[in-house]
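Below is start-v4.csv, which holds CSV, C-alpha atoms and all ligand atoms.
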```csv
chain,number,residue,atom,x,y,z
G,28,MET,CA,-6.0,83.3,44.9
G,29,ILE,CA,-2.2,83.7,44.5
G,30,LEU,CA,-1.3,85.7,41.4
G,31,VAL,CA,2.3,85.8,40.3
G,32,ASP,CA,4.5,86.2,37.2
G,33,GLY,CA,6.4,83.1,36.3
G,34,LEU,CA,9.5,85.1,35.2
G,35,TYR,CA,9.8,88.7,36.4
G,36,SER,CA,10.7,91.1,33.7
G,37,ALA,CA,12.8,93.6,35.7
G,38,ASP,CA,15.1,91.2,37.5
G,39,GLY,CA,15.0,88.1,35.3
G,40,ASP,CA,14.2,85.8,38.2
G,41,PHE,CA,11.7,83.0,38.6
G,42,ALA,CA,8.8,82.9,41.1
G,43,PRO,CA,9.5,79.9,43.4
G,44,LEU,CA,6.5,78.0,42.0
G,45,ASP,CA,7.4,74.8,43.8
G,46,GLU,CA,7.0,76.6,47.2
G,47,ILE,CA,4.1,78.7,46.0
G,48,THR,CA,2.0,75.7,44.9
G,49,ALA,CA,2.8,73.9,48.1
G,50,LEU,CA,1.6,76.9,50.1
G,51,ALA,CA,-1.5,77.1,47.9
G,52,GLY,CA,-2.2,73.5,48.7
G,53,GLU,CA,-2.1,74.1,52.4
G,54,HIS,CA,-4.6,77.0,52.1
G,55,ASP,CA,-6.8,75.6,49.3
G,56,ALA,CA,-5.9,78.7,47.2
G,57,LEU,CA,-6.0,79.0,43.4
G,58,VAL,CA,-2.7,79.7,41.7
G,59,VAL,CA,-2.6,81.9,38.5
G,60,VAL,CA,0.7,82.4,36.8
G,61,ASP,CA,1.5,85.0,34.1
G,62,GLU,CA,4.0,83.3,31.8
G,63,ALA,CA,4.3,86.3,29.5
G,64,HIS,CA,8.1,86.3,29.6
G,65,SER,CA,8.6,82.5,29.9
G,66,PHE,CA,6.1,80.9,27.6
G,67,GLY,CA,8.1,79.4,24.7
G,68,ALA,CA,11.4,79.9,26.3
G,69,ILE,CA,11.5,78.2,29.7
G,70,GLY,CA,10.8,74.6,30.9
G,71,PRO,CA,11.4,71.2,29.3
G,72,ASN,CA,8.3,71.7,27.0
G,73,GLY,CA,8.7,75.5,26.7
G,74,LEU,CA,5.5,76.1,28.7
G,75,GLY,CA,7.1,78.4,31.2
G,76,VAL,CA,8.2,78.5,34.8
G,77,ALA,CA,5.5,76.1,36.1
G,78,ASP,CA,6.8,73.6,33.5
G,79,HIS,CA,10.3,74.3,34.7
G,80,PHE,CA,9.3,73.4,38.3
G,81,GLY,CA,7.1,70.5,37.1
G,82,VAL,CA,4.0,71.9,38.8
G,83,LEU,CA,1.7,72.6,35.9
G,84,ASP,CA,-0.9,70.2,37.3
G,85,ARG,CA,-1.0,72.4,40.5
G,86,VAL,CA,-1.5,75.7,38.7
G,87,HIS,CA,-5.1,76.6,38.0
G,88,ALA,CA,-4.6,79.1,35.2
G,89,VAL,CA,-1.6,80.1,33.0
G,90,VAL,CA,-1.9,83.6,31.4
G,91,GLY,CA,0.3,84.3,28.4
G,92,THR,CA,0.9,86.6,25.5
G,93,MET,CA,1.7,86.0,21.9
G,94,SER,CA,3.8,89.2,21.9
G,95,LYS,CA,7.1,87.9,23.3
G,96,ALA,CA,8.6,84.5,22.3
G,97,LEU,CA,5.9,84.0,19.7
G,98,GLY,CA,6.5,87.4,18.0
G,99,SER,CA,2.8,88.1,17.3
G,100,VAL,CA,-0.1,89.8,19.2
G,101,GLY,CA,-2.8,88.7,21.5
G,102,GLY,CA,-3.1,86.8,24.8
G,103,PHE,CA,-4.4,83.6,26.1
G,104,VAL,CA,-5.5,81.8,29.3
G,105,LEU,CA,-4.9,78.1,29.8
G,106,THR,CA,-7.2,76.6,32.4
G,107,GLY,CA,-9.7,73.9,33.2
G,108,LYS,CA,-13.4,73.6,32.5
G,109,GLY,CA,-14.8,75.5,35.6
G,110,LEU,CA,-12.7,78.6,35.3
G,111,GLU,CA,-12.9,78.6,31.5
G,112,ARG,CA,-16.7,78.9,31.5
G,113,GLU,CA,-16.6,81.8,34.0
G,114,LEU,CA,-14.0,83.6,31.9
G,115,ARG,CA,-16.0,83.2,28.7
G,116,TYR,CA,-19.0,84.8,30.2
G,117,LEU,CA,-17.6,87.2,32.8
G,118,ALA,CA,-14.3,88.6,31.5
G,119,PRO,CA,-15.0,92.0,29.9
G,120,SER,CA,-11.8,91.9,27.8
G,121,TYR,CA,-13.0,88.6,26.3
G,122,THR,CA,-16.7,89.3,25.9
G,123,SER,CA,-16.4,92.9,24.7
G,124,SER,CA,-13.2,92.8,22.5
G,125,ARG,CA,-12.7,91.6,18.9
G,126,GLY,CA,-10.8,88.3,18.4
G,127,SER,CA,-7.5,88.2,16.5
G,128,ALA,CA,-7.5,89.2,12.8
G,129,PRO,CA,-6.9,86.1,10.6
G,130,GLY,CA,-3.4,87.1,9.7
G,131,VAL,CA,-2.4,87.6,13.3
G,132,ALA,CA,-4.0,84.3,14.3
G,133,GLY,CA,-2.1,82.7,11.5
G,134,ALA,CA,1.2,84.2,12.7
G,135,SER,CA,0.6,83.0,16.3
G,136,LEU,CA,-0.3,79.5,15.1
G,137,ALA,CA,2.8,79.3,12.9
G,138,SER,CA,4.9,80.3,15.9
G,139,LEU,CA,3.2,77.8,18.2
G,140,GLN,CA,4.0,75.1,15.6
G,141,LEU,CA,7.7,76.2,15.6
G,142,VAL,CA,7.7,75.9,19.4
G,143,GLU,CA,6.2,72.5,19.2
G,144,GLU,CA,8.4,71.1,16.5
G,145,HIS,CA,11.7,72.9,17.1
G,146,GLY,CA,11.4,74.3,20.6
G,147,GLY,CA,14.0,72.0,22.1
G,148,ASP,CA,16.7,73.2,19.6
G,149,LEU,CA,15.7,76.8,19.9
G,150,ARG,CA,15.8,76.7,23.7
G,151,ALA,CA,19.2,75.0,23.6
G,152,ARG,CA,20.5,77.8,21.4
G,153,LEU,CA,18.9,80.3,23.7
G,154,ASP,CA,20.7,78.7,26.7
G,155,HIS,CA,24.0,78.8,24.9
G,156,ASN,CA,23.6,82.5,24.0
G,157,VAL,CA,22.5,83.4,27.5
G,158,ARG,CA,25.6,81.6,29.0
G,159,PHE,CA,27.9,83.3,26.6
G,160,VAL,CA,26.5,86.8,27.4
G,161,ILE,CA,26.4,86.3,31.1
G,162,ASP,CA,30.0,84.9,31.2
G,163,GLY,CA,31.3,87.6,28.9
G,164,LEU,CA,29.6,90.5,30.9
G,165,THR,CA,30.7,89.0,34.2
G,166,GLU,CA,34.3,88.7,33.0
G,167,ALA,CA,34.1,92.3,31.9
G,168,GLY,CA,33.2,93.3,35.5
G,169,LEU,CA,29.7,94.6,34.8
G,170,ASN,CA,27.2,94.6,37.7
G,171,LEU,CA,24.8,91.8,36.6
G,172,MET,CA,21.7,91.0,38.6
G,173,ARG,CA,21.3,87.4,39.6
G,174,THR,CA,19.2,86.4,36.6
G,175,THR,CA,18.1,82.8,36.0
G,176,SER,CA,16.8,83.5,32.4
G,177,HIS,CA,17.3,85.1,29.0
G,178,ILE,CA,16.4,88.5,30.7
G,179,VAL,CA,19.8,89.8,31.7
G,180,PRO,CA,19.7,93.0,33.7
G,181,VAL,CA,22.8,95.1,34.2
G,182,LEU,CA,22.5,97.4,37.2
G,183,VAL,CA,23.6,101.0,36.6
G,184,GLY,CA,21.9,102.8,39.5
G,185,ASP,CA,21.4,106.5,38.7
G,186,GLU,CA,18.4,107.1,36.4
G,187,HIS,CA,20.1,109.7,34.2
G,188,LYS,CA,23.2,107.6,33.8
G,189,THR,CA,21.1,104.6,32.8
G,190,VAL,CA,19.4,106.6,30.1
G,191,ALA,CA,22.7,108.0,28.9
G,192,VAL,CA,24.3,104.5,28.6
G,193,SER,CA,21.3,103.1,26.9
G,194,ASN,CA,21.3,106.0,24.3
G,195,TRP,CA,25.0,105.5,23.8
G,196,LEU,CA,24.5,101.8,23.1
G,197,MET,CA,21.7,102.6,20.7
G,198,ASP,CA,24.1,104.9,18.8
G,199,HIS,CA,26.6,102.0,18.7
G,200,GLY,CA,24.3,99.4,17.3
G,201,ILE,CA,22.9,97.8,20.5
G,202,PHE,CA,19.3,98.1,21.6
G,203,VAL,CA,18.6,97.3,25.3
G,204,GLY,CA,15.6,98.0,27.5
G,205,THR,CA,15.9,101.1,29.7
G,206,PHE,CA,14.4,100.4,33.2
G,207,VAL,CA,14.2,103.4,35.5
G,208,HIS,CA,11.9,104.5,38.4
G,209,PRO,CA,8.9,104.0,38.7
G,210,HIS,CA,9.3,100.7,36.8
G,211,VAL,CA,12.1,99.7,39.3
G,212,PRO,CA,12.9,101.2,42.7
G,213,SER,CA,14.5,104.7,42.6
G,214,GLY,CA,18.3,104.5,42.2
G,215,GLU,CA,18.2,101.0,40.8
G,216,GLY,CA,18.1,101.9,37.1
G,217,ARG,CA,19.2,99.1,34.8
G,218,LEU,CA,19.7,98.0,31.3
G,219,ARG,CA,17.6,95.0,30.4
G,220,ILE,CA,19.2,92.8,27.8
G,221,GLY,CA,16.9,90.4,26.0
G,222,VAL,CA,18.8,87.5,24.6
G,223,THR,CA,17.1,85.4,21.9
G,224,SER,CA,17.8,82.1,20.3
G,225,THR,CA,18.2,83.8,16.9
G,226,HIS,CA,21.0,86.1,18.0
G,227,THR,CA,24.2,85.1,16.2
G,228,GLN,CA,27.5,84.4,18.0
G,229,ALA,CA,28.9,87.6,16.4
G,230,GLU,CA,26.0,89.6,17.7
G,231,CYS,CA,26.4,88.3,21.2
G,232,ALA,CA,30.2,89.0,21.0
G,233,LEU,CA,29.4,92.6,19.8
G,234,LEU,CA,27.0,93.1,22.8
G,235,VAL,CA,29.8,92.1,25.2
G,236,GLU,CA,32.3,94.3,23.4
G,237,ARG,CA,30.1,97.4,23.4
G,238,LEU,CA,29.1,97.0,27.0
G,239,THR,CA,32.7,96.6,28.0
G,240,GLU,CA,33.4,99.9,26.2
G,241,ALA,CA,30.4,101.5,28.0
G,242,ARG,CA,31.7,100.3,31.3
G,243,ASN,CA,34.9,102.1,30.8
G,244,LYS,CA,33.3,105.2,29.3
G,245,PHE,CA,30.6,105.6,32.0
G,246,SER,CA,32.5,104.0,34.9
G,247,LEU,CA,29.8,101.3,35.4
S,1,LIG,C1,4.2,90.1,32.9
S,1,LIG,C2,3.5,90.6,31.7
S,1,LIG,N1,2.2,90.2,31.4
S,1,LIG,C3,1.6,90.6,30.3
S,1,LIG,C4,2.1,91.5,29.4
S,1,LIG,C5,1.3,92.0,28.3
S,1,LIG,O1,1.7,91.6,27.1
S,1,LIG,P1,1.1,92.3,25.8
S,1,LIG,O2,2.0,93.4,25.5
S,1,LIG,O3,1.1,91.2,24.8
S,1,LIG,O4,-0.3,92.8,26.1
S,1,LIG,C6,3.4,92.0,29.6
S,1,LIG,C7,4.0,92.9,28.7
S,1,LIG,O5,5.1,93.3,28.8
S,1,LIG,C8,4.1,91.5,30.8
S,1,LIG,O6,5.4,92.0,31.1
```
Final structure tokens representation of the file:
Amino acid sequence: MILVDGLYSADGDFAPLDEITALAGEHDALVVVDEAHSFGAIGPNGLGVADHFGVLDRVHAVVGTMSKALGSVGGFVLTGKGLERELRYLAPSYTSSRGSAPGVAGASLASLQLVEEHGGDLRARLDHNVRFVIDGLTEAGLNLMRTTSHIVPVLVGDEHKTVAVSNWLMDHGIFVGTFVHPHVPSGEGRLRIGVTSTHTQAECALLVERLTEARNKFSL
């Protein structure tokens, strides 16, 4: 069994699912993809990185969460009949946990309907915002990692400096993820910017402005 994330949350890069599914085919292996960070945001149908590479029919199970693009709580597994039956009877987290509360299920369902009906437009806006942010930060000379997604990590390096920059940004109206060891290798601390489709142009511009100030202030 090959278990991978579709989109990796610390670097913003995709698993090469075209190569991985080909390899799995050669070795008769099952492929399970965690699309937590990509479901709703990546691929022509918004189904994630397997959708992006056009290999959904070669993936045996997609694991996802309602807590990121969908803005709710709970998780799901998309799979075929054989695996589904085993999971229903054998997965402790399924057999021994409560299901979603009705309000939570309603919120998840409403989000799924939005993805289905307006996903194309939302993803186009997301792509536009991502391009704007990446171009702006690159032009400002920040050390961007080579992301292929809406997860835009800015490499800072030193752990203490990473936390200091993040706190300074928070004090100046910008919330970014703070990734330090052991979440990422030692000395590779980074700020994780999560761009969304609902960020306005003004908000994206403010982010670039503040990070440019931070670059000068902290010699990033
Ligand atoms: C790759 C991955 N899978 C699963 C999850 C779990 O999601 P949840 O917080 O909804 O349990 C996360 C959360 O960040 C994640 O990064």
Open item on the list: Taking all atoms listed in the file and a cut-off of 8 Å, can you tell me which residues surround ligand LIG 1 (chain S), written as a list in words?
Closed with: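 The distance check yields Asp32, Leu34, Tyr35, Ser36, Asp61, Glu62, Ala63, His64, Val90, Gly91, Thr92, Met93, Ser94, Lys95, Val100, Gly101 and Gly102 of chain G.
Compared by their closest atoms to G:Ser120, and using only C-alpha atoms, the residues G:Phe103, G:Leu169, G:Arg237, G:Ala132 rank with G:Phe103 nearest.
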Using only C-alpha atoms, which residues sit within 8 Å of stretch 219-223 of chain G once same-chain residues fewer than 3 positions away are excluded, as a PyMOL selection string? chain G and resi 37+153+156-157+177-181+203-206+226
- Task: Excluding G:Gly81 and any residue of its chain fewer than 2 positions from it, enumerate the residues within 10 Å of it, using all atoms listed in the file, and give them as a ChimeraX atom specification.
- Result: /G:44-45,70-71,75-79,83-85
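With all atoms listed in the file as the atoms that count, the minimum distance from G:Phe41 to the choices G:Arg217, G:Arg173, G:His208, G:Arg242 is reached by G:Arg173.
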Please work out which residues fall within 12 Å of (12.5, 74.9, 20.9), coordinates as given in the file, with only C-alpha atoms counting, and return them as an MDAnalysis selection string. chainID G and resid 66:74 96:97 138:154 223:225
A straight line from atom CA of G:Gly184 to atom CA of G:Val207 spans 8.7 Å
Original post:
To one decimal place, how far is atom CA of G:Leu110 from atom CA of G:Ala88 in Å?
Top reply: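 We find that atom CA of G:Leu110 and atom CA of G:Ala88 lie 8.1 Å from each other.
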